[in-house]
$ cat upload18.tsv   # TSV, C-alpha atoms and all ligand atoms
chain	number	residue	atom	x	y	z
A	824	MET	CA	-36.48	6.29	17.26
A	825	PRO	CA	-36.76	9.33	14.99
A	826	ILE	CA	-34.32	9.79	12.14
A	827	ARG	CA	-31.40	11.97	13.15
A	828	ARG	CA	-28.05	12.89	11.69
A	829	LEU	CA	-25.07	11.11	13.24
A	830	ALA	CA	-22.45	13.20	15.01
A	831	PRO	CA	-19.27	13.66	12.96
A	832	GLU	CA	-17.26	11.63	15.51
A	833	THR	CA	-19.66	8.73	15.07
A	834	VAL	CA	-19.44	8.98	11.28
A	835	ASN	CA	-15.64	8.94	11.51
A	836	ARG	CA	-15.68	5.92	13.80
A	837	ILE	CA	-17.89	4.04	11.38
A	838	ALA	CA	-15.61	4.99	8.48
A	839	ALA	CA	-12.60	4.00	10.56
A	840	GLY	CA	-14.01	0.50	10.74
A	841	GLU	CA	-14.16	0.30	6.96
A	842	VAL	CA	-10.95	2.03	5.98
A	843	ILE	CA	-8.78	0.96	8.91
A	844	GLU	CA	-9.80	-2.59	9.64
A	845	ARG	CA	-6.46	-3.52	11.18
A	846	PRO	CA	-3.05	-1.94	11.88
A	847	ALA	CA	-1.72	-2.99	8.47
A	848	ALA	CA	-4.40	-0.84	6.83
A	849	ALA	CA	-3.24	2.21	8.78
A	850	VAL	CA	0.34	1.48	7.74
A	851	LYS	CA	-0.77	1.23	4.12
A	852	GLU	CA	-2.67	4.52	4.22
A	853	LEU	CA	0.21	6.40	5.84
A	854	VAL	CA	2.81	5.06	3.44
A	855	GLU	CA	0.52	5.83	0.50
A	856	ASN	CA	0.30	9.41	1.74
A	857	ALA	CA	4.10	9.57	1.87
A	858	LEU	CA	4.32	8.25	-1.70
A	859	ASP	CA	1.68	10.71	-2.88
A	860	ALA	CA	3.77	13.47	-1.29
A	861	GLY	CA	6.66	12.55	-3.57
A	862	ALA	CA	8.88	11.13	-0.84
A	863	ARG	CA	12.28	9.78	-1.88
A	864	ARG	CA	12.72	7.95	1.39
A	865	ILE	CA	10.13	6.43	3.71
A	866	ALA	CA	10.85	4.93	7.11
A	867	VAL	CA	8.26	2.83	8.89
A	868	ALA	CA	8.52	1.77	12.52
A	869	ILE	CA	6.01	-0.58	14.10
A	870	ALA	CA	5.67	-1.62	17.72
A	871	GLY	CA	3.32	-4.04	19.42
A	872	GLY	CA	1.73	-5.31	16.22
A	873	GLY	CA	1.05	-1.76	15.07
A	874	ILE	CA	-1.54	-1.50	17.82
A	875	ALA	CA	0.80	0.17	20.28
A	876	ARG	CA	2.55	2.37	17.74
A	877	ILE	CA	3.03	3.03	14.03
A	878	GLU	CA	5.39	5.72	12.84
A	879	VAL	CA	5.83	6.70	9.19
A	880	THR	CA	8.43	9.33	8.34
A	881	ASP	CA	8.89	10.76	4.88
A	882	ASP	CA	10.89	13.49	3.14
A	883	GLY	CA	8.02	14.49	0.85
A	884	ASN	CA	6.22	17.79	0.22
A	885	GLY	CA	4.94	18.24	3.73
A	886	ILE	CA	1.71	19.90	4.84
A	887	PRO	CA	1.71	23.68	5.33
A	888	GLU	CA	0.96	24.70	8.90
A	889	ILE	CA	-2.30	26.39	7.89
A	890	GLU	CA	-3.54	23.16	6.28
A	891	LEU	CA	-2.63	20.82	9.10
A	892	ALA	CA	-6.06	20.94	10.73
A	893	LEU	CA	-7.71	20.39	7.37
A	894	ALA	CA	-5.62	17.28	6.68
A	895	ILE	CA	-7.37	15.41	9.48
A	896	GLU	CA	-10.83	16.59	8.52
A	897	ARG	CA	-13.14	14.18	6.79
A	898	HIS	CA	-13.37	14.37	2.98
A	899	ALA	CA	-10.60	16.96	2.86
A	900	THR	CA	-7.95	16.16	0.26
A	901	SER	CA	-5.36	17.99	-1.80
A	902	LYS	CA	-5.42	15.30	-4.46
A	903	LEU	CA	-8.69	14.88	-6.28
A	904	ALA	CA	-8.23	17.05	-9.35
A	905	ASP	CA	-10.62	14.92	-11.39
A	906	GLU	CA	-13.95	15.03	-9.65
A	907	ALA	CA	-15.42	12.67	-12.21
A	908	LEU	CA	-13.20	10.00	-10.58
A	909	ILE	CA	-11.93	8.81	-13.95
A	910	ARG	CA	-8.26	9.68	-13.94
A	911	ILE	CA	-7.05	9.09	-10.41
A	912	ALA	CA	-3.27	9.12	-10.46
A	913	THR	CA	-2.61	9.41	-6.72
A	914	LEU	CA	-2.89	6.53	-4.27
A	915	GLY	CA	-5.25	8.51	-2.02
A	916	PHE	CA	-8.15	10.65	-3.13
A	917	ARG	CA	-10.97	10.42	-0.61
A	918	GLY	CA	-9.60	12.29	2.35
A	919	GLU	CA	-10.71	9.52	4.69
A	920	ALA	CA	-7.57	7.90	6.04
A	921	LEU	CA	-6.32	10.51	8.49
A	922	PRO	CA	-9.73	11.37	10.01
A	923	SER	CA	-10.47	7.64	10.31
A	924	ILE	CA	-7.18	6.96	12.08
A	925	GLY	CA	-7.69	10.03	14.26
A	926	ALA	CA	-11.13	8.78	15.24
A	927	ALA	CA	-9.91	5.35	16.28
A	928	ALA	CA	-6.50	6.16	17.76
A	929	ARG	CA	-4.19	8.93	18.89
A	930	LEU	CA	-2.75	10.43	15.71
A	931	THR	CA	0.05	12.99	15.70
A	932	LEU	CA	1.14	14.68	12.50
A	933	ILE	CA	4.38	16.62	12.40
A	934	SER	CA	5.06	18.30	9.11
A	935	ARG	CA	7.33	20.85	7.53
A	936	PRO	CA	7.09	21.76	3.87
A	937	ARG	CA	10.17	23.18	2.18
A	938	GLY	CA	10.35	26.91	2.79
A	939	GLN	CA	8.66	26.73	6.20
A	940	ASP	CA	11.02	27.70	9.03
A	941	VAL	CA	9.78	25.29	11.64
A	942	ALA	CA	7.59	22.23	11.62
A	943	ALA	CA	4.08	22.22	13.06
A	944	ARG	CA	2.36	19.49	15.01
A	945	ILE	CA	-1.25	18.52	15.52
A	946	THR	CA	-2.77	15.68	17.53
A	947	VAL	CA	-6.19	14.14	17.23
A	948	ALA	CA	-7.24	11.53	19.78
A	949	GLY	CA	-10.48	9.61	19.52
A	950	GLY	CA	-11.76	12.36	17.21
A	951	ALA	CA	-10.83	15.24	19.54
A	952	VAL	CA	-8.57	17.65	17.67
A	953	GLY	CA	-5.85	19.53	19.57
A	954	GLU	CA	-4.12	22.82	18.83
A	955	VAL	CA	-1.49	23.27	16.15
A	956	ALA	CA	1.89	23.90	17.81
A	957	PRO	CA	5.38	24.63	16.46
A	958	VAL	CA	8.03	21.93	16.85
A	959	ALA	CA	11.53	21.29	15.52
A	960	ALA	CA	11.64	18.72	12.72
A	961	PRO	CA	13.27	18.22	9.31
A	962	PHE	CA	11.46	18.73	5.98
A	963	GLY	CA	8.74	16.20	5.30
A	964	THR	CA	6.09	14.56	7.42
A	965	ARG	CA	5.99	12.20	10.34
A	966	ALA	CA	2.75	10.49	11.27
A	967	ILE	CA	2.56	8.72	14.62
A	968	VAL	CA	-0.35	6.46	15.50
A	969	GLU	CA	-0.66	5.26	19.09
A	970	ASP	CA	-3.12	2.93	20.79
A	971	LEU	CA	-4.96	2.00	17.64
A	972	PHE	CA	-8.64	1.24	18.23
A	973	TYR	CA	-8.58	2.44	21.85
A	974	ALA	CA	-11.54	4.63	20.90
A	975	THR	CA	-13.30	1.88	18.94
A	976	PRO	CA	-13.21	-1.13	21.27
A	977	ALA	CA	-15.61	-3.08	19.04
A	978	ARG	CA	-12.97	-3.13	16.32
A	979	ARG	CA	-10.20	-3.95	18.75
A	980	LYS	CA	-11.92	-7.23	19.64
A	981	PHE	CA	-11.45	-8.48	16.10
A	982	LEU	CA	-7.68	-8.09	16.05
A	983	ARG	CA	-5.58	-11.22	15.85
A	984	SER	CA	-2.44	-11.90	17.88
A	985	THR	CA	0.28	-9.27	18.02
A	986	ALA	CA	2.46	-11.56	15.91
A	987	ALA	CA	-0.25	-11.91	13.25
A	988	GLU	CA	-0.86	-8.15	13.16
A	989	THR	CA	2.89	-7.51	12.91
A	990	ALA	CA	3.13	-9.97	10.02
A	991	ALA	CA	0.29	-8.19	8.20
A	992	CYS	CA	2.05	-4.82	8.70
A	993	VAL	CA	5.29	-6.23	7.31
A	994	GLU	CA	3.40	-7.64	4.33
A	995	ALA	CA	1.80	-4.26	3.66
A	996	VAL	CA	5.15	-2.44	3.74
A	997	ARG	CA	6.80	-5.08	1.52
A	998	HIS	CA	4.01	-4.73	-1.02
A	999	LEU	CA	4.31	-0.93	-1.02
A	1000	ALA	CA	8.10	-1.14	-1.30
A	1001	LEU	CA	7.61	-3.33	-4.34
A	1002	ALA	CA	5.15	-0.85	-5.83
A	1003	ALA	CA	7.67	1.98	-5.52
A	1004	PRO	CA	11.19	0.56	-5.95
A	1005	GLU	CA	12.48	4.04	-6.88
A	1006	VAL	CA	11.81	5.14	-3.29
A	1007	ALA	CA	14.16	4.16	-0.45
A	1008	PHE	CA	12.27	2.16	2.17
A	1009	ALA	CA	13.17	1.21	5.72
A	1010	LEU	CA	11.16	-0.91	8.12
A	1011	SER	CA	11.79	-1.57	11.77
A	1012	ILE	CA	9.78	-3.86	14.00
A	1013	ASP	CA	9.87	-3.39	17.77
A	1014	GLY	CA	13.12	-1.47	17.44
A	1015	VAL	CA	14.84	-4.02	15.20
A	1016	VAL	CA	15.64	-3.11	11.58
A	1017	SER	CA	13.78	-5.47	9.29
A	1018	PHE	CA	15.05	-3.95	6.04
A	1019	ASP	CA	16.64	-0.72	4.84
A	1020	LEU	CA	16.59	-0.50	1.05
A	1021	PRO	CA	18.03	2.18	-1.21
A	1022	ALA	CA	16.22	3.41	-4.34
A	1023	GLN	CA	16.41	0.48	-6.75
A	1024	ASP	CA	15.08	-0.86	-10.02
A	1025	ARG	CA	12.30	-3.45	-9.96
A	1026	ARG	CA	14.61	-6.43	-10.31
A	1027	ALA	CA	16.84	-5.35	-7.43
A	1028	ARG	CA	13.80	-4.57	-5.25
A	1029	VAL	CA	12.28	-7.99	-5.90
A	1030	ALA	CA	15.63	-9.61	-5.11
A	1031	ALA	CA	15.87	-7.63	-1.87
A	1032	LEU	CA	12.34	-8.49	-0.75
A	1033	TYR	CA	11.99	-12.06	-2.01
A	1034	GLY	CA	15.57	-13.12	-1.35
A	1035	ARG	CA	18.48	-13.41	-3.76
A	1036	GLY	CA	18.24	-17.17	-4.08
A	1037	GLU	CA	14.62	-16.95	-5.07
A	1038	MET	CA	15.34	-14.14	-7.51
A	1039	GLU	CA	17.76	-16.37	-9.45
A	1040	ALA	CA	14.93	-18.81	-10.06
A	1041	LEU	CA	12.40	-16.20	-11.15
A	1042	VAL	CA	11.56	-15.77	-14.80
A	1043	PRO	CA	11.04	-12.26	-16.17
A	1044	ILE	CA	7.86	-11.77	-18.17
A	1045	GLU	CA	6.65	-8.98	-20.37
A	1046	ALA	CA	3.57	-8.60	-22.55
A	1047	VAL	CA	1.54	-5.80	-24.07
A	1048	ARG	CA	-1.92	-5.87	-25.48
A	1049	GLU	CA	-4.28	-3.10	-26.41
A	1050	GLY	CA	-2.56	-0.57	-24.21
A	1051	VAL	CA	-2.27	-2.87	-21.20
A	1052	MET	CA	1.34	-3.51	-20.20
A	1053	LEU	CA	2.30	-6.45	-18.04
A	1054	SER	CA	5.76	-7.03	-16.67
A	1055	GLY	CA	7.43	-8.64	-13.71
A	1056	PHE	CA	8.83	-11.88	-12.43
A	1057	ILE	CA	7.24	-15.26	-11.90
A	1058	GLY	CA	8.45	-18.42	-10.26
A	1059	PRO	CA	8.95	-21.64	-12.20
A	1060	ALA	CA	6.49	-24.45	-11.53
A	1061	SER	CA	9.10	-26.03	-9.24
A	1062	LEU	CA	9.07	-23.03	-6.89
A	1063	THR	CA	5.85	-23.03	-4.88
A	1064	ARG	CA	4.80	-21.85	-1.44
A	1065	ALA	CA	2.27	-22.96	1.13
A	1066	THR	CA	0.63	-19.52	1.09
A	1067	ALA	CA	0.01	-16.79	-1.47
A	1068	ARG	CA	2.24	-14.41	0.52
A	1069	HIS	CA	4.77	-14.27	-2.28
A	1070	GLN	CA	2.26	-13.03	-4.83
A	1071	ASN	CA	2.25	-9.30	-5.27
A	1072	PHE	CA	0.40	-7.28	-7.86
A	1073	VAL	CA	0.96	-3.62	-8.60
A	1074	VAL	CA	-1.56	-1.94	-10.88
A	1075	ASN	CA	-0.78	1.60	-12.04
A	1076	GLY	CA	1.58	1.91	-9.10
A	1077	ARG	CA	-1.01	0.66	-6.57
A	1078	PRO	CA	-0.32	-2.40	-4.49
A	1079	VAL	CA	-3.50	-4.44	-4.86
A	1080	ARG	CA	-4.92	-7.76	-3.74
A	1081	ASP	CA	-7.17	-8.19	-6.68
A	1082	PRO	CA	-9.27	-11.37	-6.98
A	1083	LEU	CA	-9.19	-11.28	-10.80
A	1084	LEU	CA	-5.39	-11.20	-10.88
A	1085	ARG	CA	-5.08	-13.89	-8.22
A	1086	MET	CA	-7.44	-16.07	-10.17
A	1087	ALA	CA	-5.51	-15.48	-13.40
A	1088	LEU	CA	-2.34	-16.59	-11.66
A	1089	ARG	CA	-4.05	-19.68	-10.29
A	1090	ILE	CA	-5.40	-20.63	-13.72
A	1091	ALA	CA	-2.03	-20.06	-15.42
A	1092	TYR	CA	-0.34	-22.53	-13.06
A	1093	ARG	CA	-3.24	-24.91	-12.59
A	1094	GLU	CA	-1.82	-27.71	-14.72
A	1095	VAL	CA	1.75	-27.47	-13.48
A	1096	ILE	CA	1.70	-27.09	-9.71
A	1097	PRO	CA	0.16	-29.37	-7.09
A	1098	GLN	CA	-3.16	-28.44	-5.54
A	1099	GLY	CA	-2.84	-26.43	-2.37
A	1100	ARG	CA	0.50	-24.92	-3.40
A	1101	HIS	CA	0.90	-21.31	-4.53
A	1102	PRO	CA	3.17	-19.91	-7.23
A	1103	VAL	CA	5.53	-16.99	-6.61
A	1104	ALA	CA	5.03	-13.79	-8.61
A	1105	ALA	CA	5.66	-10.06	-8.59
A	1106	LEU	CA	3.65	-8.51	-11.40
A	1107	TRP	CA	3.11	-4.96	-12.56
A	1108	LEU	CA	0.22	-3.92	-14.78
A	1109	ASP	CA	0.08	-0.50	-16.36
A	1110	LEU	CA	-2.93	0.74	-18.25
A	1111	GLY	CA	-4.81	3.95	-18.88
A	1112	HIS	CA	-6.36	5.41	-15.74
A	1113	ASP	CA	-9.69	5.57	-17.56
A	1114	ARG	CA	-9.66	1.78	-17.95
A	1115	LEU	CA	-9.60	1.12	-14.28
A	1116	ASP	CA	-11.99	1.94	-11.44
A	1117	VAL	CA	-10.03	2.17	-8.20
A	1118	ASN	CA	-13.01	3.43	-6.25
A	1119	VAL	CA	-14.79	0.15	-5.54
A	1120	HIS	CA	-13.25	-0.84	-2.21
A	1121	PRO	CA	-12.95	1.18	1.03
A	1122	ALA	CA	-9.29	0.27	1.45
A	1123	LYS	CA	-8.68	0.54	-2.33
A	1124	ALA	CA	-7.32	-3.03	-2.34
A	1125	GLU	CA	-9.58	-4.18	-5.16
A	1126	LEU	CA	-10.15	-2.74	-8.59
A	1127	ARG	CA	-12.53	-2.99	-11.44
A	1128	PHE	CA	-11.07	-3.31	-14.91
A	1129	ALA	CA	-13.01	-1.91	-17.84
A	1130	GLU	CA	-11.96	-4.98	-19.86
A	1131	PRO	CA	-11.54	-7.77	-17.30
A	1132	ASP	CA	-11.44	-10.57	-19.88
A	1133	GLY	CA	-8.62	-8.90	-21.79
A	1134	VAL	CA	-6.57	-8.41	-18.62
A	1135	ARG	CA	-7.17	-11.97	-17.48
A	1136	SER	CA	-6.12	-13.53	-20.76
A	1137	LEU	CA	-3.08	-11.25	-21.07
A	1138	VAL	CA	-1.84	-12.40	-17.66
A	1139	ILE	CA	-2.61	-16.08	-18.21
A	1140	GLY	CA	-1.11	-16.09	-21.71
A	1141	ALA	CA	2.10	-14.32	-20.71
A	1142	ILE	CA	2.68	-16.63	-17.75
A	1143	GLN	CA	1.98	-19.79	-19.70
A	1144	ARG	CA	4.39	-18.70	-22.46
A	1145	ALA	CA	7.09	-17.93	-19.91
A	1146	LEU	CA	6.56	-21.23	-18.14
A	1147	ALA	CA	7.01	-23.04	-21.46
A	1148	ALA	CA	10.14	-21.09	-22.40
A	1149	PRO	CA	12.79	-22.32	-19.92
A	1150	ALA	CA	12.58	-25.80	-21.44
A	1151	ASP	CA	13.61	-24.33	-24.81
A	1152	LEU	CA	16.50	-22.55	-23.16
A	1153	ALA	CA	17.65	-25.77	-21.55
A	1154	GLN	CA	17.84	-27.38	-24.98
A	1155	ALA	CA	19.86	-24.47	-26.29
A	1156	PRO	CA	22.47	-23.80	-23.59
A	1157	ALA	CA	24.32	-21.44	-25.94
A	1158	LEU	CA	21.54	-18.95	-25.37
A	1159	ARG	CA	22.16	-18.67	-21.63
B	1201	LIG	P1	-6.16	11.45	0.90
B	1201	LIG	O1	-4.84	10.75	0.86
B	1201	LIG	O2	-7.26	10.62	0.31
B	1201	LIG	O3	-6.12	12.85	0.33
B	1201	LIG	P2	-5.76	11.45	3.77
B	1201	LIG	O4	-6.72	11.52	4.89
B	1201	LIG	O5	-4.90	10.25	3.69
B	1201	LIG	O6	-6.61	11.62	2.44
B	1201	LIG	O7	-4.84	12.75	3.81
B	1201	LIG	C1	-5.45	14.04	3.77
B	1201	LIG	C2	-4.51	15.07	3.18
B	1201	LIG	O8	-3.42	15.29	4.06
B	1201	LIG	C3	-3.88	14.68	1.86
B	1201	LIG	O9	-4.70	15.00	0.76
B	1201	LIG	C4	-2.59	15.49	1.87
B	1201	LIG	O10	-2.81	16.80	1.40
B	1201	LIG	C5	-2.24	15.57	3.33
B	1201	LIG	N1	-1.21	14.58	3.73
B	1201	LIG	C6	-1.42	13.44	4.42
B	1201	LIG	N2	-0.26	12.78	4.63
B	1201	LIG	C7	0.71	13.50	4.04
B	1201	LIG	C8	2.14	13.36	3.90
B	1201	LIG	N3	2.79	12.29	4.42
B	1201	LIG	N4	2.81	14.33	3.23
B	1201	LIG	C9	2.17	15.40	2.72
B	1201	LIG	N5	0.82	15.59	2.82
B	1201	LIG	C10	0.10	14.66	3.47
B	1202	MG	MG	-4.34	9.13	1.98
$ encode --input "upload18.tsv" --output "structure tokens"
Amino acid sequence: MPIRRLAPETVNRIAAGEVIERPAAAVKELVENALDAGARRIAVAIAGGGIARIEVTDDGNGIPEIELALAIERHATSKLADEALIRIATLGFRGEALPSIGAAARLTLISRPRGQDVAARITVAGGAVGEVAPVAAPFGTRAIVEDLFYATPARRKFLRSTAAETAACVEAVRHLALAAPEVAFALSIDGVVSFDLPAQDRRARVAALYGRGEMEALVPIEAVREGVMLSGFIGPASLTRATARHQNFVVNGRPVRDPLLRMALRIAYREVIPQGRHPVAALWLDLGHDRLDVNVHPAKAELRFAEPDGVRSLVIGAIQRALAAPADLAQAPALR
């Protein structure tokens, strides 16, 4: 066959496979957009494992009617001020999420920026873009995704059970809610409210998401080195789980599943917890944007640190010190 350029719909479908590998990834992208839009409250509703329907409603900046069609175009973004990709402060920056979702599913965006009299709506289904139409809606944006992967059946085959996909969606929302405790977050699953949290501080958000009982056992940690700030809460060696589900990392406000951080956690606890068990932790790392490359993974779940060894030893050291400390406290009850 001769070399030919792929049709844009094909390109978007291929990208959809990378960026939106399962419903939880679509949830993550939509909530990240809401956070980037400065939302104070985000409501997520999921039905049928996120395959049937995902709805994310925010009270953020909104998209002006004249930009609505652009929002779902590939590589169109309002965010990337730094084209050298060094200081990326927003969660999104590639302009790939909405066109990818629109290529694989039926995506409806309803948006109304402040100052615009009525909201406008656009739908894109399997890559086919409809007309922009006026509609009544409050300020902010609502994104509705229906029949995810109906247009990319190859991807659909790889989905797990509805229950497993639902669980992954819940996990994604929990992680995002942890990353932005100052934003009110609500989640409903198949019409049932799963949580509805007000704006909180980190401690209260961890307590709300991990459970109050667990929170009482958690140990706060804090450490700074060479401009890298670590803080958060870790479980004592006695509190372990069968899975790593209760390990959440937030780096510069991004919820990440970073192998380096997971490994650091594993090493820090290696001597004190049984093999096959996982410690509990909610950890935030803050460092200069220029010391972090967030552009190494299609779903932005992994990072590259400019000084990985420094980050690793900061995390391991802080955890090991905190794990050693409660014993001292026990010997000095007056301190409690
Ligand atoms: P990116 O987030 O990388 O810019 P997306 O495809 O996720 O790419 O979104 C494209 C654009 O649509 C964004 O840059 C933003 O301008 C706009 N947008 C998407 N979702 C929202 C939202 N919830 N509120 C306001 N603007 C949004
Ligand atoms: Mg985005």
$ axis_aligned_box --input "upload18.tsv" --around "segment 885-897 of chain A" --padding-each-side "3 Å" --output "JSON"
{"center_x": -4.1, "center_y": 20.3, "center_z": 7.2, "size_x": 24.1, "size_y": 18.2, "size_z": 13.0}
$ atom_distance --input "upload18.tsv" --atom1 "atom CA of Val1047 of chain A" --atom2 "atom CA of Glu1005 of chain A"
22.6 Å
$ closest_residue --input "upload18.tsv" --among "A:Glu1125, A:Glu878, A:Glu1130, A:Glu888" --to "Asp1013 of chain A" --atoms "only C-alpha atoms"
A:Glu878
$ residues_near_point --input "upload18.tsv" --point "(-4.9, -24.6, -6.7)" --cutoff "12 Å" --atoms "all atoms listed in the file" --output "PyMOL selection string"
chain A and resi 1063-1067+1085-1102
$ write_last_selection --input "upload18.tsv" --atoms "C-alpha atoms" --output "compact mmCIF listing (two decimals), in the coordinates of the input"
# COMPACT_ATOMS: atom_id res chain seq x y z
CA THR A 1063 5.85 -23.03 -4.88
CA ARG A 1064 4.80 -21.85 -1.44
CA ALA A 1065 2.27 -22.96 1.13
CA THR A 1066 0.63 -19.52 1.09
CA ALA A 1067 0.01 -16.79 -1.47
CA ARG A 1085 -5.08 -13.89 -8.22
CA MET A 1086 -7.44 -16.07 -10.17
CA ALA A 1087 -5.51 -15.48 -13.40
CA LEU A 1088 -2.34 -16.59 -11.66
CA ARG A 1089 -4.05 -19.68 -10.29
CA ILE A 1090 -5.40 -20.63 -13.72
CA ALA A 1091 -2.03 -20.06 -15.42
CA TYR A 1092 -0.34 -22.53 -13.06
CA ARG A 1093 -3.24 -24.91 -12.59
CA GLU A 1094 -1.82 -27.71 -14.72
CA VAL A 1095 1.75 -27.47 -13.48
CA ILE A 1096 1.70 -27.09 -9.71
CA PRO A 1097 0.16 -29.37 -7.09
CA GLN A 1098 -3.16 -28.44 -5.54
CA GLY A 1099 -2.84 -26.43 -2.37
CA ARG A 1100 0.50 -24.92 -3.40
CA HIS A 1101 0.90 -21.31 -4.53
CA PRO A 1102 3.17 -19.91 -7.23
$ atom_distance --input "upload18.tsv" --atom1 "atom CA of Ala875 of chain A" --atom2 "atom CA of Arg929 of chain A"
10.2 Å
